[in-house]
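Containing compact mmCIF, N, CA and C atoms: target35.txt.
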# COMPACT_ATOMS: atom_id res chain seq x y z
N MET A 4 -15.69 54.53 13.12
CA MET A 4 -15.83 53.22 13.74
C MET A 4 -17.26 52.69 13.55
N LYS A 5 -18.25 53.58 13.69
CA LYS A 5 -19.64 53.17 13.51
C LYS A 5 -19.89 52.68 12.09
N LYS A 6 -19.28 53.36 11.12
CA LYS A 6 -19.47 52.98 9.72
C LYS A 6 -18.90 51.59 9.46
N ILE A 7 -17.77 51.30 10.04
CA ILE A 7 -17.16 49.98 9.86
C ILE A 7 -18.03 48.91 10.50
N LEU A 8 -18.54 49.18 11.69
CA LEU A 8 -19.41 48.23 12.37
C LEU A 8 -20.68 47.98 11.57
N ILE A 9 -21.29 49.03 11.07
CA ILE A 9 -22.50 48.89 10.25
C ILE A 9 -22.20 48.12 8.97
N LEU A 10 -21.07 48.40 8.36
CA LEU A 10 -20.67 47.68 7.15
C LEU A 10 -20.49 46.18 7.44
N LEU A 11 -19.86 45.86 8.55
CA LEU A 11 -19.67 44.45 8.92
C LEU A 11 -21.00 43.74 9.19
N ILE A 12 -21.90 44.43 9.84
CA ILE A 12 -23.23 43.86 10.11
C ILE A 12 -23.98 43.61 8.81
N LEU A 13 -23.94 44.57 7.90
CA LEU A 13 -24.60 44.40 6.61
C LEU A 13 -23.97 43.29 5.80
N LEU A 14 -22.65 43.22 5.83
CA LEU A 14 -21.95 42.17 5.10
C LEU A 14 -22.30 40.79 5.64
N TYR A 15 -22.34 40.67 6.96
CA TYR A 15 -22.72 39.40 7.58
C TYR A 15 -24.14 39.00 7.19
N GLY A 16 -25.05 39.95 7.23
CA GLY A 16 -26.44 39.68 6.84
C GLY A 16 -26.55 39.23 5.40
N HIS A 17 -25.78 39.86 4.54
CA HIS A 17 -25.79 39.50 3.12
C HIS A 17 -25.22 38.10 2.91
N LEU A 18 -24.12 37.78 3.58
CA LEU A 18 -23.51 36.45 3.45
C LEU A 18 -24.44 35.37 3.99
N TYR A 19 -25.13 35.66 5.10
CA TYR A 19 -26.07 34.70 5.67
C TYR A 19 -27.22 34.45 4.71
N ALA A 20 -27.72 35.48 4.05
CA ALA A 20 -28.80 35.33 3.07
C ALA A 20 -28.33 34.51 1.88
N LEU A 21 -27.09 34.73 1.43
CA LEU A 21 -26.55 33.93 0.32
C LEU A 21 -26.42 32.47 0.72
N GLU A 22 -25.99 32.21 1.95
CA GLU A 22 -25.86 30.83 2.43
C GLU A 22 -27.22 30.15 2.46
N GLN A 23 -28.24 30.83 2.96
CA GLN A 23 -29.58 30.27 2.99
C GLN A 23 -30.09 29.99 1.59
N GLU A 24 -29.86 30.93 0.69
CA GLU A 24 -30.32 30.77 -0.69
C GLU A 24 -29.65 29.58 -1.37
N SER A 25 -28.34 29.42 -1.17
CA SER A 25 -27.65 28.30 -1.80
C SER A 25 -28.06 26.97 -1.16
N THR A 26 -28.28 26.95 0.14
CA THR A 26 -28.75 25.74 0.81
C THR A 26 -30.12 25.34 0.28
N LEU A 27 -31.00 26.31 0.14
CA LEU A 27 -32.34 26.04 -0.39
C LEU A 27 -32.25 25.49 -1.81
N LYS A 28 -31.39 26.06 -2.62
CA LYS A 28 -31.24 25.61 -4.00
C LYS A 28 -30.73 24.17 -4.07
N ILE A 29 -29.76 23.84 -3.23
CA ILE A 29 -29.20 22.48 -3.21
C ILE A 29 -30.27 21.48 -2.81
N TYR A 30 -30.98 21.75 -1.71
CA TYR A 30 -32.02 20.81 -1.27
C TYR A 30 -33.17 20.74 -2.26
N HIS A 31 -33.47 21.83 -2.91
CA HIS A 31 -34.52 21.81 -3.93
C HIS A 31 -34.13 20.84 -5.05
N GLN A 32 -32.90 20.89 -5.50
CA GLN A 32 -32.44 19.99 -6.56
C GLN A 32 -32.45 18.53 -6.11
N ILE A 33 -31.96 18.28 -4.91
CA ILE A 33 -31.92 16.91 -4.39
C ILE A 33 -33.33 16.35 -4.22
N PHE A 34 -34.19 17.10 -3.56
CA PHE A 34 -35.54 16.61 -3.31
C PHE A 34 -36.35 16.47 -4.59
N SER A 35 -36.11 17.34 -5.56
CA SER A 35 -36.81 17.22 -6.85
C SER A 35 -36.37 15.96 -7.59
N ALA A 36 -35.12 15.55 -7.40
CA ALA A 36 -34.65 14.31 -8.01
C ALA A 36 -35.29 13.09 -7.35
N LEU A 37 -35.60 13.18 -6.06
CA LEU A 37 -36.19 12.06 -5.33
C LEU A 37 -37.70 11.98 -5.51
N VAL A 38 -38.36 13.13 -5.55
CA VAL A 38 -39.82 13.19 -5.63
C VAL A 38 -40.19 13.97 -6.89
N HIS A 39 -40.89 13.33 -7.78
CA HIS A 39 -41.25 13.96 -9.05
C HIS A 39 -42.67 14.54 -8.96
N LYS A 40 -42.79 15.61 -8.18
CA LYS A 40 -44.06 16.31 -8.01
C LYS A 40 -43.81 17.80 -8.14
N PRO A 41 -44.81 18.54 -8.55
CA PRO A 41 -44.62 19.99 -8.65
C PRO A 41 -44.44 20.66 -7.28
N SER A 42 -45.04 20.09 -6.25
CA SER A 42 -44.92 20.62 -4.89
C SER A 42 -44.49 19.49 -3.97
N ILE A 43 -43.42 19.70 -3.22
CA ILE A 43 -42.87 18.65 -2.36
C ILE A 43 -43.12 19.03 -0.91
N ARG A 44 -43.79 18.15 -0.19
CA ARG A 44 -44.06 18.38 1.23
C ARG A 44 -42.89 17.85 2.05
N VAL A 45 -42.30 18.73 2.86
CA VAL A 45 -41.10 18.38 3.63
C VAL A 45 -41.39 18.55 5.11
N TYR A 46 -40.97 17.55 5.88
CA TYR A 46 -41.05 17.65 7.34
C TYR A 46 -39.64 17.67 7.91
N THR A 47 -39.38 18.59 8.79
CA THR A 47 -38.16 18.60 9.59
C THR A 47 -38.50 19.28 10.90
N ASN A 48 -37.83 18.85 11.96
CA ASN A 48 -38.06 19.53 13.24
C ASN A 48 -36.89 20.45 13.57
N ASP A 49 -35.97 20.62 12.63
CA ASP A 49 -34.82 21.49 12.82
C ASP A 49 -35.20 22.94 12.51
N LYS A 50 -35.01 23.81 13.47
CA LYS A 50 -35.42 25.21 13.34
C LYS A 50 -34.70 25.92 12.19
N GLU A 51 -33.40 25.68 12.04
CA GLU A 51 -32.64 26.35 10.97
C GLU A 51 -33.14 25.96 9.59
N TYR A 52 -33.40 24.68 9.38
CA TYR A 52 -33.90 24.24 8.07
C TYR A 52 -35.32 24.73 7.83
N LYS A 53 -36.12 24.82 8.86
CA LYS A 53 -37.46 25.37 8.69
C LYS A 53 -37.39 26.81 8.20
N GLU A 54 -36.46 27.59 8.77
CA GLU A 54 -36.30 28.98 8.36
C GLU A 54 -35.85 29.07 6.90
N ILE A 55 -35.10 28.09 6.44
CA ILE A 55 -34.64 28.09 5.04
C ILE A 55 -35.76 27.65 4.11
N PHE A 56 -36.43 26.55 4.45
CA PHE A 56 -37.45 25.98 3.57
C PHE A 56 -38.71 26.84 3.47
N VAL A 57 -38.95 27.68 4.44
CA VAL A 57 -40.14 28.51 4.41
C VAL A 57 -40.11 29.49 3.23
N HIS A 58 -38.93 29.75 2.68
CA HIS A 58 -38.80 30.68 1.55
C HIS A 58 -38.96 29.99 0.20
N SER A 59 -39.15 28.70 0.19
CA SER A 59 -39.26 27.96 -1.06
C SER A 59 -40.67 28.06 -1.64
N LYS A 60 -40.72 28.07 -2.96
CA LYS A 60 -42.01 28.07 -3.64
C LYS A 60 -42.48 26.65 -3.97
N ARG A 61 -41.52 25.72 -4.08
CA ARG A 61 -41.87 24.34 -4.44
C ARG A 61 -41.90 23.40 -3.24
N MET A 62 -41.15 23.70 -2.20
CA MET A 62 -41.13 22.86 -1.02
C MET A 62 -42.03 23.47 0.05
N VAL A 63 -42.98 22.68 0.50
CA VAL A 63 -43.94 23.14 1.49
C VAL A 63 -43.66 22.41 2.80
N LEU A 64 -43.49 23.16 3.87
CA LEU A 64 -43.25 22.55 5.18
C LEU A 64 -44.54 21.97 5.75
N THR A 65 -44.42 20.79 6.34
CA THR A 65 -45.55 20.19 7.04
C THR A 65 -45.18 20.00 8.50
N ASP A 66 -46.18 19.96 9.35
CA ASP A 66 -45.95 19.77 10.78
C ASP A 66 -46.06 18.31 11.19
N ASP A 67 -46.41 17.46 10.26
CA ASP A 67 -46.62 16.04 10.56
C ASP A 67 -45.83 15.19 9.57
N PRO A 68 -44.94 14.33 10.04
CA PRO A 68 -44.18 13.50 9.11
C PRO A 68 -45.06 12.57 8.27
N ALA A 69 -46.21 12.21 8.77
CA ALA A 69 -47.09 11.30 8.05
C ALA A 69 -47.65 11.94 6.78
N THR A 70 -47.72 13.25 6.72
CA THR A 70 -48.27 13.92 5.54
C THR A 70 -47.19 14.41 4.59
N SER A 71 -45.94 14.08 4.87
CA SER A 71 -44.83 14.60 4.06
C SER A 71 -44.41 13.62 2.97
N ASP A 72 -43.74 14.18 1.95
CA ASP A 72 -43.10 13.37 0.93
C ASP A 72 -41.69 13.00 1.35
N ILE A 73 -41.02 13.94 2.03
CA ILE A 73 -39.65 13.76 2.49
C ILE A 73 -39.55 14.21 3.94
N VAL A 74 -38.84 13.40 4.73
CA VAL A 74 -38.54 13.77 6.11
C VAL A 74 -37.04 14.02 6.18
N LEU A 75 -36.65 15.25 6.53
CA LEU A 75 -35.24 15.61 6.66
C LEU A 75 -34.85 15.48 8.13
N ILE A 76 -33.89 14.61 8.40
CA ILE A 76 -33.46 14.33 9.77
C ILE A 76 -32.05 14.89 9.94
N THR A 77 -31.87 15.69 10.99
CA THR A 77 -30.60 16.39 11.16
C THR A 77 -29.75 15.87 12.31
N ASN A 78 -30.32 15.06 13.19
CA ASN A 78 -29.52 14.53 14.30
C ASN A 78 -30.07 13.20 14.79
N ARG A 79 -29.28 12.53 15.59
CA ARG A 79 -29.62 11.18 16.06
C ARG A 79 -30.86 11.16 16.93
N SER A 80 -31.00 12.16 17.79
CA SER A 80 -32.17 12.15 18.68
C SER A 80 -33.47 12.32 17.87
N SER A 81 -33.44 13.13 16.84
CA SER A 81 -34.63 13.28 15.97
C SER A 81 -34.95 11.97 15.26
N LEU A 82 -33.90 11.29 14.78
CA LEU A 82 -34.11 10.01 14.11
C LEU A 82 -34.73 8.99 15.06
N PHE A 83 -34.18 8.88 16.26
CA PHE A 83 -34.71 7.91 17.22
C PHE A 83 -36.12 8.25 17.65
N LYS A 84 -36.42 9.53 17.77
CA LYS A 84 -37.78 9.95 18.11
C LYS A 84 -38.75 9.53 17.01
N LEU A 85 -38.35 9.72 15.76
CA LEU A 85 -39.20 9.30 14.64
C LEU A 85 -39.34 7.79 14.58
N MET A 86 -38.26 7.08 14.86
CA MET A 86 -38.29 5.62 14.81
C MET A 86 -39.17 5.05 15.92
N ARG A 87 -39.15 5.69 17.10
CA ARG A 87 -40.00 5.23 18.20
C ARG A 87 -41.47 5.40 17.85
N GLY A 88 -41.78 6.44 17.14
CA GLY A 88 -43.16 6.70 16.74
C GLY A 88 -43.44 6.22 15.32
N GLN A 89 -42.91 5.06 14.94
CA GLN A 89 -43.03 4.60 13.56
C GLN A 89 -44.42 4.12 13.19
N GLN A 90 -45.35 4.17 14.07
CA GLN A 90 -46.72 3.77 13.74
C GLN A 90 -47.24 4.58 12.56
N TRP A 91 -46.87 5.85 12.49
CA TRP A 91 -47.31 6.71 11.39
C TRP A 91 -46.76 6.23 10.06
N MET A 92 -45.61 5.53 10.07
CA MET A 92 -45.04 5.02 8.82
C MET A 92 -45.67 3.69 8.42
N GLN A 93 -46.07 2.90 9.38
CA GLN A 93 -46.64 1.59 9.08
C GLN A 93 -48.07 1.68 8.59
N ASP A 94 -48.77 2.73 8.98
CA ASP A 94 -50.17 2.88 8.60
C ASP A 94 -50.36 3.42 7.19
N LYS A 95 -49.30 3.91 6.57
CA LYS A 95 -49.42 4.53 5.25
C LYS A 95 -49.06 3.54 4.15
N ASP A 96 -49.72 3.69 3.02
CA ASP A 96 -49.37 2.89 1.85
C ASP A 96 -48.05 3.37 1.26
N GLU A 97 -47.88 4.68 1.22
CA GLU A 97 -46.67 5.27 0.66
C GLU A 97 -45.92 6.00 1.77
N LYS A 98 -44.79 5.44 2.18
CA LYS A 98 -44.00 6.04 3.25
C LYS A 98 -43.23 7.24 2.73
N PRO A 99 -43.01 8.23 3.59
CA PRO A 99 -42.17 9.36 3.16
C PRO A 99 -40.71 8.91 3.01
N ILE A 100 -39.99 9.62 2.19
CA ILE A 100 -38.57 9.34 1.99
C ILE A 100 -37.81 9.96 3.15
N LEU A 101 -36.92 9.19 3.76
CA LEU A 101 -36.09 9.72 4.84
C LEU A 101 -34.74 10.12 4.26
N PHE A 102 -34.30 11.33 4.59
CA PHE A 102 -33.03 11.87 4.10
C PHE A 102 -32.35 12.53 5.29
N VAL A 103 -31.03 12.40 5.40
CA VAL A 103 -30.31 12.90 6.58
C VAL A 103 -29.22 13.91 6.21
N THR A 104 -28.77 14.63 7.23
CA THR A 104 -27.69 15.60 7.05
C THR A 104 -26.40 15.13 7.73
N ASP A 105 -26.36 13.87 8.14
CA ASP A 105 -25.18 13.29 8.78
C ASP A 105 -25.05 11.85 8.29
N TYR A 106 -23.95 11.55 7.61
CA TYR A 106 -23.79 10.22 7.02
C TYR A 106 -23.78 9.10 8.06
N ARG A 107 -23.41 9.42 9.31
CA ARG A 107 -23.39 8.39 10.36
C ARG A 107 -24.79 7.89 10.70
N LEU A 108 -25.82 8.65 10.34
CA LEU A 108 -27.20 8.24 10.62
C LEU A 108 -27.70 7.18 9.63
N LEU A 109 -27.00 7.02 8.52
CA LEU A 109 -27.43 6.06 7.49
C LEU A 109 -27.50 4.63 8.01
N LYS A 110 -26.68 4.30 8.98
CA LYS A 110 -26.63 2.93 9.49
C LYS A 110 -27.80 2.56 10.39
N TYR A 111 -28.58 3.53 10.83
CA TYR A 111 -29.64 3.28 11.80
C TYR A 111 -30.96 2.82 11.19
N SER A 112 -31.18 3.09 9.91
CA SER A 112 -32.46 2.69 9.32
C SER A 112 -32.31 2.43 7.83
N PHE A 113 -32.89 1.35 7.37
CA PHE A 113 -32.89 1.01 5.95
C PHE A 113 -33.77 1.97 5.16
N ASP A 114 -34.66 2.67 5.83
CA ASP A 114 -35.56 3.61 5.17
C ASP A 114 -34.88 4.90 4.74
N ILE A 115 -33.69 5.18 5.25
CA ILE A 115 -32.96 6.39 4.88
C ILE A 115 -32.27 6.14 3.54
N VAL A 116 -32.61 6.93 2.53
CA VAL A 116 -32.09 6.68 1.18
C VAL A 116 -30.82 7.45 0.86
N GLY A 117 -30.52 8.52 1.60
CA GLY A 117 -29.34 9.30 1.28
C GLY A 117 -29.02 10.35 2.30
N ALA A 118 -27.90 11.04 2.04
CA ALA A 118 -27.43 12.07 2.96
C ALA A 118 -26.75 13.19 2.18
N PHE A 119 -26.91 14.39 2.68
CA PHE A 119 -26.14 15.53 2.21
C PHE A 119 -25.51 16.13 3.45
N TYR A 120 -24.17 16.14 3.48
CA TYR A 120 -23.46 16.53 4.69
C TYR A 120 -22.14 17.20 4.32
N TRP A 121 -21.47 17.75 5.32
CA TRP A 121 -20.19 18.42 5.15
C TRP A 121 -19.10 17.58 5.80
N LYS A 122 -18.00 17.40 5.09
CA LYS A 122 -16.86 16.65 5.62
C LYS A 122 -15.59 17.37 5.20
N LYS A 123 -14.80 17.77 6.18
CA LYS A 123 -13.55 18.50 5.94
C LYS A 123 -13.78 19.75 5.08
N GLY A 124 -14.87 20.44 5.35
CA GLY A 124 -15.15 21.69 4.65
C GLY A 124 -15.72 21.54 3.25
N ARG A 125 -16.02 20.31 2.86
CA ARG A 125 -16.58 20.07 1.52
C ARG A 125 -17.94 19.40 1.64
N SER A 126 -18.82 19.79 0.73
CA SER A 126 -20.13 19.16 0.74
C SER A 126 -20.04 17.76 0.12
N GLN A 127 -20.79 16.85 0.69
CA GLN A 127 -20.82 15.46 0.24
C GLN A 127 -22.27 15.05 0.03
N LEU A 128 -22.53 14.38 -1.06
CA LEU A 128 -23.86 13.86 -1.35
C LEU A 128 -23.73 12.36 -1.54
N LEU A 129 -24.63 11.61 -0.93
CA LEU A 129 -24.54 10.16 -0.97
C LEU A 129 -25.95 9.56 -1.05
N PHE A 130 -26.13 8.65 -2.00
CA PHE A 130 -27.37 7.89 -2.11
C PHE A 130 -27.02 6.41 -2.03
N ILE A 131 -27.89 5.62 -1.43
CA ILE A 131 -27.65 4.18 -1.31
C ILE A 131 -28.56 3.48 -2.32
N LYS A 132 -27.94 2.86 -3.31
CA LYS A 132 -28.64 2.30 -4.46
C LYS A 132 -29.68 1.25 -4.08
N ASN A 133 -29.32 0.30 -3.21
CA ASN A 133 -30.29 -0.75 -2.88
C ASN A 133 -31.50 -0.19 -2.13
N ARG A 134 -31.33 0.88 -1.40
CA ARG A 134 -32.46 1.51 -0.71
C ARG A 134 -33.34 2.29 -1.69
N LEU A 135 -32.70 2.92 -2.66
CA LEU A 135 -33.47 3.59 -3.71
C LEU A 135 -34.26 2.57 -4.52
N ASP A 136 -33.62 1.46 -4.86
CA ASP A 136 -34.29 0.41 -5.62
C ASP A 136 -35.47 -0.17 -4.85
N ALA A 137 -35.32 -0.35 -3.56
CA ALA A 137 -36.40 -0.89 -2.74
C ALA A 137 -37.61 0.04 -2.74
N ARG A 138 -37.38 1.32 -2.90
CA ARG A 138 -38.46 2.31 -2.93
C ARG A 138 -38.89 2.66 -4.35
N HIS A 139 -38.27 2.00 -5.34
CA HIS A 139 -38.55 2.23 -6.76
C HIS A 139 -38.29 3.69 -7.15
N ILE A 140 -37.17 4.23 -6.66
CA ILE A 140 -36.78 5.59 -6.98
C ILE A 140 -35.65 5.54 -8.00
N THR A 141 -35.83 6.22 -9.11
CA THR A 141 -34.80 6.32 -10.14
C THR A 141 -34.32 7.77 -10.19
N LEU A 142 -33.04 7.94 -9.96
CA LEU A 142 -32.47 9.28 -9.98
C LEU A 142 -32.02 9.66 -11.38
N PRO A 143 -32.00 10.95 -11.69
CA PRO A 143 -31.45 11.41 -12.98
C PRO A 143 -29.98 11.01 -13.12
N ALA A 144 -29.50 10.98 -14.34
CA ALA A 144 -28.14 10.52 -14.63
C ALA A 144 -27.07 11.34 -13.90
N GLU A 145 -27.30 12.62 -13.67
CA GLU A 145 -26.27 13.43 -13.02
C GLU A 145 -26.01 13.04 -11.56
N TYR A 146 -26.88 12.20 -10.98
CA TYR A 146 -26.68 11.76 -9.60
C TYR A 146 -26.05 10.37 -9.51
N ARG A 147 -25.76 9.73 -10.62
CA ARG A 147 -25.19 8.38 -10.62
C ARG A 147 -23.84 8.31 -9.90
N ASN A 148 -23.04 9.38 -10.00
CA ASN A 148 -21.73 9.38 -9.35
C ASN A 148 -21.82 9.46 -7.83
N PHE A 149 -22.97 9.79 -7.31
CA PHE A 149 -23.14 9.94 -5.87
C PHE A 149 -23.78 8.70 -5.22
N MET A 150 -23.93 7.63 -6.01
CA MET A 150 -24.55 6.41 -5.50
C MET A 150 -23.52 5.38 -5.09
N VAL A 151 -23.82 4.70 -3.98
CA VAL A 151 -23.03 3.55 -3.57
C VAL A 151 -24.00 2.37 -3.50
N ASP A 152 -23.47 1.17 -3.72
CA ASP A 152 -24.35 0.00 -3.75
C ASP A 152 -24.97 -0.26 -2.39
N GLU A 153 -24.19 -0.17 -1.34
CA GLU A 153 -24.70 -0.36 0.02
C GLU A 153 -23.68 0.17 1.00
N LEU A 154 -24.09 0.26 2.25
CA LEU A 154 -23.15 0.74 3.29
C LEU A 154 -22.16 -0.33 3.67
Step by step, read the file and then write its structure as structure tokens.
Amino acid sequence: MKKILILLILLYGHLYALEQESTLKIYHQIFSALVHKPSIRVYTNDKEYKEIFVHSKRMVLTDDPATSDIVLITNRSSLFKLMRGQQWMQDKDEKPILFVTDYRLLKYSFDIVGAFYWKKGRSQLLFIKNRLDARHITLPAEYRNFMVDEL
């Protein structure tokens, strides 16, 4: 019985590590398409994503959204908190790119350029073309199928 329990614990740990690795790889590809820099500064206040991004060699976590290239927003309260403190966005010449993990958040701000989320057990990627154009962001050709003109 102990051997089975230990095997299950090890299997769970291995599957969790694979999930983190694949999540990191997906976000690395998405963020690299949005920001053409060798090192991408990412801000998120989500503990789970921080644990994932800390293992990246190209994505560097920042504690301040004003110093980031991309702000990853995972829930409505985080978005509203950032929007209330938008002074940090108005003072900068180059605003960070806002990206969300819930497509319903796209309607709250024109500054959000896209979303990567799960729907019915499938991953979904969505970029809003007019918002990308407003920020002068050109995505690689492989992302064209994930663009919509507007919400």
Revision key, fill the gap. One decimal place gives the CA of Tyr30 (chain A)-CA of Ser81 (chain A) separation as 19.0 Å
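Taking all atoms listed in the file into account, Asn148 (chain A) lies nearest to A:Leu129 out of the set A:Leu129, A:Tyr106, A:His39, A:Phe119.
The interatomic distance for the pair atom N of Glu54 (chain A) and CA of Glu145 (chain A) works out to 27.9 Å.
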Practice item. Compare A:Thr65, A:Pro143, A:Asp49, A:His58 by their minimum atom-to-atom distance to Ser35 (chain A), counting only N, CA and C atoms, and give me the closest one. Key: A:Pro143
Check your understanding: Pick the closest to Leu37 (chain A) from A:Thr141, A:Phe102, A:Lys84, A:Leu154: which is it, counting all atoms listed in the file?
Key ->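 Distance minimum relative to Leu37 (chain A) lands on A:Thr141.
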Exercise for review: In Å, rounded to a single decimal, give me how far CA of Arg138 (chain A) is from CA of Ser80 (chain A).
Suggested key: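 Between these atoms lies a distance of 24.6 Å.
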Check your understanding: Which of these residues is nearest to Leu27 (chain A), using only C-alpha atoms: A:Thr77, A:Ser59, A:Ser71, A:Gln127?
Key -> A:Ser59
Can you tell me which residues surround Ile131 (chain A) at a distance of at most 6.5 Å, considering only N, CA and C atoms, apart from same-chain residues fewer than 4 positions away, and format the answer as a PDB file with N, CA and C atoms, keeping the file's coordinate frame?
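New file selection15.pdb:
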ATOM      1  N   VAL A 116     -32.610   6.930   2.530  1.00  0.00           N
ATOM      2  CA  VAL A 116     -32.090   6.680   1.180  1.00  0.00           C
ATOM      3  C   VAL A 116     -30.820   7.450   0.860  1.00  0.00           C
ATOM      4  N   GLY A 117     -30.520   8.520   1.600  1.00  0.00           N
ATOM      5  CA  GLY A 117     -29.340   9.300   1.280  1.00  0.00           C
ATOM      6  C   GLY A 117     -29.020  10.350   2.300  1.00  0.00           C
ATOM      7  N   ALA A 118     -27.900  11.040   2.040  1.00  0.00           N
ATOM      8  CA  ALA A 118     -27.430  12.070   2.960  1.00  0.00           C
ATOM      9  C   ALA A 118     -26.750  13.190   2.180  1.00  0.00           C
ATOM     10  N   LEU A 135     -32.700   2.920  -2.660  1.00  0.00           N
ATOM     11  CA  LEU A 135     -33.470   3.590  -3.710  1.00  0.00           C
ATOM     12  C   LEU A 135     -34.260   2.570  -4.520  1.00  0.00           C
ATOM     13  N   ASP A 136     -33.620   1.460  -4.860  1.00  0.00           N
ATOM     14  CA  ASP A 136     -34.290   0.410  -5.620  1.00  0.00           C
ATOM     15  C   ASP A 136     -35.470  -0.170  -4.850  1.00  0.00           C
ATOM     16  N   PHE A 149     -22.970   9.790  -7.310  1.00  0.00           N
ATOM     17  CA  PHE A 149     -23.140   9.940  -5.870  1.00  0.00           C
ATOM     18  C   PHE A 149     -23.780   8.700  -5.220  1.00  0.00           C
ATOM     19  N   MET A 150     -23.930   7.630  -6.010  1.00  0.00           N
ATOM     20  CA  MET A 150     -24.550   6.410  -5.500  1.00  0.00           C
ATOM     21  C   MET A 150     -23.520   5.380  -5.090  1.00  0.00           C
ATOM     22  N   VAL A 151     -23.820   4.700  -3.980  1.00  0.00           N
ATOM     23  CA  VAL A 151     -23.030   3.550  -3.570  1.00  0.00           C
ATOM     24  C   VAL A 151     -24.000   2.370  -3.500  1.00  0.00           C
ATOM     25  N   ASP A 152     -23.470   1.170  -3.720  1.00  0.00           N
ATOM     26  CA  ASP A 152     -24.350   0.000  -3.750  1.00  0.00           C
ATOM     27  C   ASP A 152     -24.970  -0.260  -2.390  1.00  0.00           C
ATOM     28  N   GLU A 153     -24.190  -0.170  -1.340  1.00  0.00           N
ATOM     29  CA  GLU A 153     -24.700  -0.360   0.020  1.00  0.00           C
ATOM     30  C   GLU A 153     -23.680   0.170   1.000  1.00  0.00           C
ATOM     31  N   LEU A 154     -24.090   0.260   2.250  1.00  0.00           N
ATOM     32  CA  LEU A 154     -23.150   0.740   3.290  1.00  0.00           C
ATOM     33  C   LEU A 154     -22.160  -0.330   3.670  1.00  0.00           C
TER      34      LEU A 154
END
(-27.8, 11.9, 13.2) in this file's frame - what residues fall within 8 Å of it? Use all atoms listed in the file and give the answer as a PDB file with N, CA and C atoms, in the frame of the given file.
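The result, stored in out24.pdb:
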ATOM      1  N   ILE A  76     -33.890  14.610   8.400  1.00  0.00           N
ATOM      2  CA  ILE A  76     -33.460  14.330   9.770  1.00  0.00           C
ATOM      3  C   ILE A  76     -32.050  14.890   9.940  1.00  0.00           C
ATOM      4  N   THR A  77     -31.870  15.690  10.990  1.00  0.00           N
ATOM      5  CA  THR A  77     -30.600  16.390  11.160  1.00  0.00           C
ATOM      6  C   THR A  77     -29.750  15.870  12.310  1.00  0.00           C
ATOM      7  N   ASN A  78     -30.320  15.060  13.190  1.00  0.00           N
ATOM      8  CA  ASN A  78     -29.520  14.530  14.300  1.00  0.00           C
ATOM      9  C   ASN A  78     -30.070  13.200  14.790  1.00  0.00           C
ATOM     10  N   ARG A  79     -29.280  12.530  15.590  1.00  0.00           N
ATOM     11  CA  ARG A  79     -29.620  11.180  16.060  1.00  0.00           C
ATOM     12  C   ARG A  79     -30.860  11.160  16.930  1.00  0.00           C
ATOM     13  N   SER A  80     -31.000  12.160  17.790  1.00  0.00           N
ATOM     14  CA  SER A  80     -32.170  12.150  18.680  1.00  0.00           C
ATOM     15  C   SER A  80     -33.470  12.320  17.870  1.00  0.00           C
ATOM     16  N   SER A  81     -33.440  13.130  16.840  1.00  0.00           N
ATOM     17  CA  SER A  81     -34.630  13.280  15.970  1.00  0.00           C
ATOM     18  C   SER A  81     -34.950  11.970  15.260  1.00  0.00           C
ATOM     19  N   LEU A  82     -33.900  11.290  14.780  1.00  0.00           N
ATOM     20  CA  LEU A  82     -34.110  10.010  14.110  1.00  0.00           C
ATOM     21  C   LEU A  82     -34.730   8.990  15.060  1.00  0.00           C
ATOM     22  N   PHE A  83     -34.180   8.880  16.260  1.00  0.00           N
ATOM     23  CA  PHE A  83     -34.710   7.910  17.220  1.00  0.00           C
ATOM     24  C   PHE A  83     -36.120   8.250  17.650  1.00  0.00           C
ATOM     25  N   VAL A 103     -31.030  12.400   5.400  1.00  0.00           N
ATOM     26  CA  VAL A 103     -30.310  12.900   6.580  1.00  0.00           C
ATOM     27  C   VAL A 103     -29.220  13.910   6.210  1.00  0.00           C
ATOM     28  N   THR A 104     -28.770  14.630   7.230  1.00  0.00           N
ATOM     29  CA  THR A 104     -27.690  15.600   7.050  1.00  0.00           C
ATOM     30  C   THR A 104     -26.400  15.130   7.730  1.00  0.00           C
ATOM     31  N   ASP A 105     -26.360  13.870   8.140  1.00  0.00           N
ATOM     32  CA  ASP A 105     -25.180  13.290   8.780  1.00  0.00           C
ATOM     33  C   ASP A 105     -25.050  11.850   8.290  1.00  0.00           C
ATOM     34  N   TYR A 106     -23.950  11.550   7.610  1.00  0.00           N
ATOM     35  CA  TYR A 106     -23.790  10.220   7.020  1.00  0.00           C
ATOM     36  C   TYR A 106     -23.780   9.100   8.060  1.00  0.00           C
ATOM     37  N   ARG A 107     -23.410   9.420   9.310  1.00  0.00           N
ATOM     38  CA  ARG A 107     -23.390   8.390  10.360  1.00  0.00           C
ATOM     39  C   ARG A 107     -24.790   7.890  10.700  1.00  0.00           C
ATOM     40  N   LEU A 108     -25.820   8.650  10.340  1.00  0.00           N
ATOM     41  CA  LEU A 108     -27.200   8.240  10.620  1.00  0.00           C
ATOM     42  C   LEU A 108     -27.700   7.180   9.630  1.00  0.00           C
ATOM     43  N   LEU A 109     -27.000   7.020   8.520  1.00  0.00           N
ATOM     44  CA  LEU A 109     -27.430   6.060   7.490  1.00  0.00           C
ATOM     45  C   LEU A 109     -27.500   4.630   8.010  1.00  0.00           C
TER      46      LEU A 109
END
Review point. Near Phe56 (chain A), counting only C-alpha atoms, which residues have an atom at most 12 Å away, once you skip same-chain residues fewer than 4 positions from it, shown as a list in words?
Key: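 The residues that qualify are Gln23, Glu24, Ser25, Thr26, Leu27, Lys28, Ile29, Tyr30, His31, Phe34, Ile43, Arg44, Val45, Tyr46, Thr47, Asn48, Asp49, Lys50, Glu51, Tyr52, Lys60, Arg61, Met62, Val63, Leu64, Thr65 and Leu75 of chain A.
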Review point. How would you write, as a ChimeraX atom specification, the set of residues in region 19-92 of chain A that DSSP gives as helix (DSSP H, G or I)?
Key: /A:19-37,50-56,68-70,79-87,90-92
Exercise for review: Could you pull out the residues in chain A that DSSP calls strand (DSSP E) from the backbone, as number ranges by chain?
Suggested key: A: 43-46, 62-64, 73-76, 100-103, 115-122, 125-131, 150-151
